[in-house]
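*Asks:* My questions all concern the structure below.
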Amino acid sequence: MKKIYDISELKEIARKIRVDVIKMTHTAGSGHPGGSLSSADILAVLYFNVLNHDPKNPCWEDRDIFVLSKGHSCPALYSVLARSGYFPVEELMTLRKLGSRLQGHPHSGALDCLEASTGSLGQGLSIAIGAALGLRLDKKNSRVYCLMGDGEQQEGQVWEAAMSAAHYKLDNLCGIIDRNRLQIDGFTKDVMDYEPLEKKWECFGWHVINVDGHDIKALLKAFEDAKKVKNKPTVIIANTIKGKGVSFMENVAIWHGQAPKDEEMKKALNDLGEEEYHKSN
C-alpha cells in the first residue's frame, strides 16, 4: 500500500532535495541551481504523495506520467527520483560527468524512469499532451503532469499546445508552472512580459489554480482539486522564489545557471540547515 507522507515529512524531503541540488552542482562545477531550488516543494509533493508510480517497476503500464519541460532544473528531479528509490542517492554526485546517466538535461535513453528527453524549452507540454491522448485511447485512468518554467511561457509552442489540450478536453492532464518570475536574462516582466498569466490560461480553455508553490498543504490541495476537474485540463500556477532556501541565491538571476563555489556551498548548506555536513567538515 502506498505510504502517504505528512506535511512535516514532505518539508524535510524538499529540504533534502535542495541540499542535493547544492552539492550536485558544486561537485559538477556547473548546472542550474536557481530553478531547481524553486521547484523542490512541487517535486516532493508530486513524487511522494500525488503520482502513482513504482520505483521497482519504472515502466509499469498503469503509472502516472511526469514530464519535466524545464529540463535544466533536472538536478531537483534527479534528487527526488533517487530519494524515491529509482537509483542510489550516491549516484547524484555524478551529475554532468562524462558517462553519467545524470546529464545536464534529462536523457530518457540513459534512465528508464525519465519519460522524455527535455531541455528545448516549450516542448514538454506537447509531449505531455501526446501521453494524455494515448492514455485516453488505451482507456487508462492514469494522469499526466508537466512542470514548466515561467520564462518558458514566452514560447509559442506552449500556447499551441495549450489550445490543443483544451480542444481535446484532456482532463487527465495537469500542467504546473514554476512561477519564480526570473529567467536567465533577468525578470520575466522585463524580458518578455506574459501577464496576466491566469487570464491567458483561462482564455485558452484551462481550469486555473493559483497557489503558493512553497506551501506544502496548499500544493496537496491543488493537486487533489485538479483531479476533480472534468472536460478540461488544469494548470497549477505555483508562485515560487528562484533560489528558494539559500539567502544569497533568492531572486538573483545569475543563479539560474551558475554553480556555487566552495565557500558559497558552505553558506548555502548552512542556510538549508544541513547539520550533518558541518559535523563532518
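Following the order of the C-alpha cells, first chain is A, next is B, and so on, with residues numbered from 1 inside each chain and ligands from 1 in the order they appear.
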Compile the contact shell of segment 253-261 of chain A as a ChimeraX atom specification: residues with an atom at most 10 Å away, counting only C-alpha atoms, same-chain residues fewer than 4 positions apart removed.
*Replies:* /A:21-37,72-73,181-187,242-243,248-249,265-268
*Asks:* Would you list, as a list of chain:residue names, the residues of segment 186-251 of chain A that end up in strand (DSSP E) under DSSP run on this structure's backbone?
*Replies:*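 Matching residues, listed in order: A:Gly186, A:Phe187, A:His207, A:Val208, A:Ile209, A:Asn210, A:Val211, A:Asp212, A:Thr234, A:Val235, A:Ile236, A:Ile237, A:Ala238, A:Asn239.
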*Asks:* Based on the selection just made, write N, CA and C atoms of those residues as a compact mmCIF listing (two decimals), in the first residue's frame.
*Replies:*
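Written out: again_29.txt:
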# COMPACT_ATOMS: atom_id res chain seq x y z
N GLY A 186 17.09 37.69 -16.70
CA GLY A 186 16.54 38.65 -15.75
C GLY A 186 15.09 38.34 -15.42
N PHE A 187 14.37 39.36 -14.96
CA PHE A 187 12.96 39.18 -14.60
C PHE A 187 12.12 38.99 -15.85
N HIS A 207 -8.67 25.04 -16.72
CA HIS A 207 -9.01 25.36 -15.34
C HIS A 207 -7.72 25.80 -14.65
N VAL A 208 -7.75 26.94 -13.98
CA VAL A 208 -6.55 27.52 -13.39
C VAL A 208 -6.62 27.51 -11.87
N ILE A 209 -5.56 27.02 -11.25
CA ILE A 209 -5.42 27.05 -9.79
C ILE A 209 -4.17 27.85 -9.47
N ASN A 210 -4.31 28.90 -8.69
CA ASN A 210 -3.18 29.74 -8.29
C ASN A 210 -2.80 29.40 -6.85
N VAL A 211 -1.52 29.13 -6.61
CA VAL A 211 -1.13 28.61 -5.30
C VAL A 211 0.27 29.06 -4.93
N ASP A 212 0.55 29.11 -3.64
CA ASP A 212 1.91 29.33 -3.14
C ASP A 212 2.70 28.05 -3.37
N THR A 234 -6.11 21.13 -16.46
CA THR A 234 -5.87 22.05 -15.34
C THR A 234 -4.42 22.51 -15.36
N VAL A 235 -4.20 23.77 -15.06
CA VAL A 235 -2.84 24.27 -14.84
C VAL A 235 -2.76 24.85 -13.44
N ILE A 236 -1.75 24.41 -12.71
CA ILE A 236 -1.48 24.95 -11.37
C ILE A 236 -0.36 25.97 -11.50
N ILE A 237 -0.65 27.22 -11.23
CA ILE A 237 0.36 28.27 -11.26
C ILE A 237 0.94 28.37 -9.86
N ALA A 238 2.15 27.85 -9.71
CA ALA A 238 2.81 27.78 -8.40
C ALA A 238 3.75 28.97 -8.25
N ASN A 239 3.38 29.90 -7.40
CA ASN A 239 4.20 31.09 -7.16
C ASN A 239 5.36 30.74 -6.25
*Asks:* Extract, using only C-alpha atoms, all DNA, RNA and protein residues at most 9 Å from Gly213 of chain A, discarding same-chain residues fewer than 3 positions from it, and format them as a PyMOL selection string.
*Replies:* chain A and resi 38-39+41-42+178-179+210+216+218-219+237-241
*Asks:* Next, the residues of the selection above should be written as a PDB file, in the first residue's frame with C-alpha atoms.
*Replies:*
ATOM      1  CA  SER A  38      12.305  26.822  -6.570  1.00  0.00           C
ATOM      2  CA  SER A  39      10.704  23.566  -7.741  1.00  0.00           C
ATOM      3  CA  ASP A  41       8.485  21.528  -2.918  1.00  0.00           C
ATOM      4  CA  ILE A  42       6.457  20.809  -6.055  1.00  0.00           C
ATOM      5  CA  ASP A 178       7.077  27.181 -11.559  1.00  0.00           C
ATOM      6  CA  ARG A 179       6.373  30.896 -11.468  1.00  0.00           C
ATOM      7  CA  ASN A 210      -3.177  29.743  -8.286  1.00  0.00           C
ATOM      8  CA  ILE A 216       3.011  22.004   1.021  1.00  0.00           C
ATOM      9  CA  ALA A 218      -1.748  24.243  -0.471  1.00  0.00           C
ATOM     10  CA  LEU A 219       0.057  22.185  -3.121  1.00  0.00           C
ATOM     11  CA  ILE A 237       0.362  28.267 -11.264  1.00  0.00           C
ATOM     12  CA  ALA A 238       2.810  27.781  -8.399  1.00  0.00           C
ATOM     13  CA  ASN A 239       4.196  31.092  -7.165  1.00  0.00           C
ATOM     14  CA  THR A 240       7.762  30.417  -6.062  1.00  0.00           C
ATOM     15  CA  ILE A 241      11.087  32.070  -5.296  1.00  0.00           C
TER      16      ILE A 241
END
*Asks:* What lies within 9 Å of Ser120 of chain A using only C-alpha atoms, ignoring chain neighbours under 5 positions off, as a ChimeraX atom specification?
*Replies:* /A:69-71
*Asks:* Could those selected residues go to a file with N, CA and C atoms, as an mmCIF file, in the first residue's frame?
*Replies:*
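Writing the result to result_13.cif gives the following:
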data_model
loop_
_atom_site.group_PDB
_atom_site.id
_atom_site.type_symbol
_atom_site.label_atom_id
_atom_site.label_comp_id
_atom_site.auth_asym_id
_atom_site.auth_seq_id
_atom_site.Cartn_x
_atom_site.Cartn_y
_atom_site.Cartn_z
ATOM 1 N N SER A 69 9.354 19.735 -18.360
ATOM 2 C CA SER A 69 9.573 20.538 -19.562
ATOM 3 C C SER A 69 10.758 21.479 -19.373
ATOM 4 N N LYS A 70 10.883 22.053 -18.184
ATOM 5 C CA LYS A 70 12.043 22.918 -17.903
ATOM 6 C C LYS A 70 13.227 22.015 -17.505
ATOM 7 N N GLY A 71 13.780 21.372 -18.531
ATOM 8 C CA GLY A 71 14.756 20.315 -18.311
ATOM 9 C C GLY A 71 16.017 20.736 -17.607
#
*Asks:* List every residue of segment 78-127 of chain A that DSSP, applied to the backbone, labels as alpha helix (DSSP H), and write the result as an MDAnalysis selection string.
*Replies:* chainID A and resid 78:84 124:127
*Asks:* Measure the distance from atom CA of Leu170 of chain A to atom CA of Lys200 of chain A in Å and round it to one decimal.
*Replies:*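 Rounded to one decimal, the two atoms are 17.7 Å apart.
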*Asks:* Could you check the closest approach to Lys3 of chain A for each of A:Asn49, A:Asp64, A:Leu92, A:Arg18 and tell me which residue wins, using only C-alpha atoms?
*Replies:* A:Asn49
*Asks:* Enter the distance from atom CA of Arg136 of chain A to atom CA of Asn172 of chain A, in Å, rounded to one decimal.
*Replies:*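 Atom CA of Asn172 of chain A lies at a distance of 8.3 Å from atom CA of Arg136 of chain A.
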*Asks:* Residues within 10 Å of Glu160 of chain A, please, as a ChimeraX atom specification. Count only C-alpha atoms; anything in the same chain fewer than 3 positions from it doesn't count.
*Replies:* /A:122,125-126,155-157,163-165,204
*Asks:* Which residue is closest to Asn180 of chain A? Choose from A:Glu91, A:Asp225, A:Asp112, A:Glu152 and count only C-alpha atoms.
*Replies:*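 Checking each of A:Glu91, A:Asp225, A:Asp112, A:Glu152 against Asn180 of chain A, counting only C-alpha atoms, the winner is A:Glu152.
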*Asks:* Would you give me, as a Markdown table, each residue of segment 128-213 of chain A having an atom within 12 Å of an atom of segment 51-61 of chain A, along with its shortest atom pair and that distance in Å to one decimal, using only C-alpha atoms and sorting by chain and residue number?
*Replies:*
| residue | atom | partner | partner_atom | distance |
| --- | --- | --- | --- | --- |
| A:Gly134 | CA | A:Glu61 | CA | 11.8 |
| A:Leu135 | CA | A:Glu61 | CA | 9.8 |
| A:Asp138 | CA | A:Glu61 | CA | 10.4 |
| A:Lys139 | CA | A:Glu61 | CA | 11.8 |
| A:Lys140 | CA | A:Glu61 | CA | 9.0 |
| A:Asn141 | CA | A:Asn52 | CA | 10.6 |
| A:Ser142 | CA | A:Asn52 | CA | 7.9 |
| A:Arg143 | CA | A:Leu51 | CA | 8.2 |
| A:Val144 | CA | A:Leu51 | CA | 9.0 |
| A:Tyr145 | CA | A:Leu51 | CA | 8.7 |
| A:Cys146 | CA | A:Leu51 | CA | 11.8 |
| A:Cys174 | CA | A:Leu51 | CA | 11.6 |
*Asks:* Give me a file of those residues, with N, CA and C atoms, as a PDB file, in the first residue's frame.
*Replies:*
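Final output, saved to selection_3.pdb:
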ATOM      1  N   GLY A 134      -2.774   9.331 -25.561  1.00  0.00           N
ATOM      2  CA  GLY A 134      -2.507   7.895 -25.612  1.00  0.00           C
ATOM      3  C   GLY A 134      -3.194   7.143 -24.489  1.00  0.00           C
ATOM      4  N   LEU A 135      -3.162   7.710 -23.289  1.00  0.00           N
ATOM      5  CA  LEU A 135      -3.831   7.081 -22.151  1.00  0.00           C
ATOM      6  C   LEU A 135      -5.336   6.998 -22.374  1.00  0.00           C
ATOM      7  N   ASP A 138      -6.087   4.215 -24.741  1.00  0.00           N
ATOM      8  CA  ASP A 138      -5.902   2.915 -24.080  1.00  0.00           C
ATOM      9  C   ASP A 138      -6.879   2.708 -22.928  1.00  0.00           C
ATOM     10  N   LYS A 139      -7.746   3.720 -22.710  1.00  0.00           N
ATOM     11  CA  LYS A 139      -8.743   3.654 -21.629  1.00  0.00           C
ATOM     12  C   LYS A 139      -8.092   3.465 -20.257  1.00  0.00           C
ATOM     13  N   LYS A 140      -6.994   4.175 -20.050  1.00  0.00           N
ATOM     14  CA  LYS A 140      -6.287   4.143 -18.770  1.00  0.00           C
ATOM     15  C   LYS A 140      -6.773   5.283 -17.876  1.00  0.00           C
ATOM     16  N   ASN A 141      -6.737   5.056 -16.579  1.00  0.00           N
ATOM     17  CA  ASN A 141      -7.121   6.091 -15.624  1.00  0.00           C
ATOM     18  C   ASN A 141      -5.927   6.913 -15.137  1.00  0.00           C
ATOM     19  N   SER A 142      -4.761   6.619 -15.671  1.00  0.00           N
ATOM     20  CA  SER A 142      -3.553   7.333 -15.251  1.00  0.00           C
ATOM     21  C   SER A 142      -3.629   8.806 -15.652  1.00  0.00           C
ATOM     22  N   ARG A 143      -2.815   9.616 -14.963  1.00  0.00           N
ATOM     23  CA  ARG A 143      -2.777  11.052 -15.228  1.00  0.00           C
ATOM     24  C   ARG A 143      -1.387  11.466 -15.707  1.00  0.00           C
ATOM     25  N   VAL A 144      -1.342  12.628 -16.355  1.00  0.00           N
ATOM     26  CA  VAL A 144      -0.086  13.178 -16.867  1.00  0.00           C
ATOM     27  C   VAL A 144       0.149  14.539 -16.219  1.00  0.00           C
ATOM     28  N   TYR A 145       1.385  14.745 -15.760  1.00  0.00           N
ATOM     29  CA  TYR A 145       1.774  16.004 -15.128  1.00  0.00           C
ATOM     30  C   TYR A 145       2.972  16.576 -15.882  1.00  0.00           C
ATOM     31  N   CYS A 146       2.948  17.890 -16.108  1.00  0.00           N
ATOM     32  CA  CYS A 146       4.028  18.534 -16.844  1.00  0.00           C
ATOM     33  C   CYS A 146       4.447  19.806 -16.123  1.00  0.00           C
ATOM     34  N   CYS A 174      -2.437  17.660 -16.217  1.00  0.00           N
ATOM     35  CA  CYS A 174      -2.243  18.760 -15.266  1.00  0.00           C
ATOM     36  C   CYS A 174      -0.892  19.419 -15.543  1.00  0.00           C
TER      37      CYS A 174
END
*Asks:* Near Glu195 of chain A, counting only C-alpha atoms, which residues have an atom at most 12 Å away, once you skip same-chain residues fewer than 4 positions from it, shown as a PyMOL selection string?
*Replies:* chain A and resi 150-151+153-154+179+181+188-190+199-201
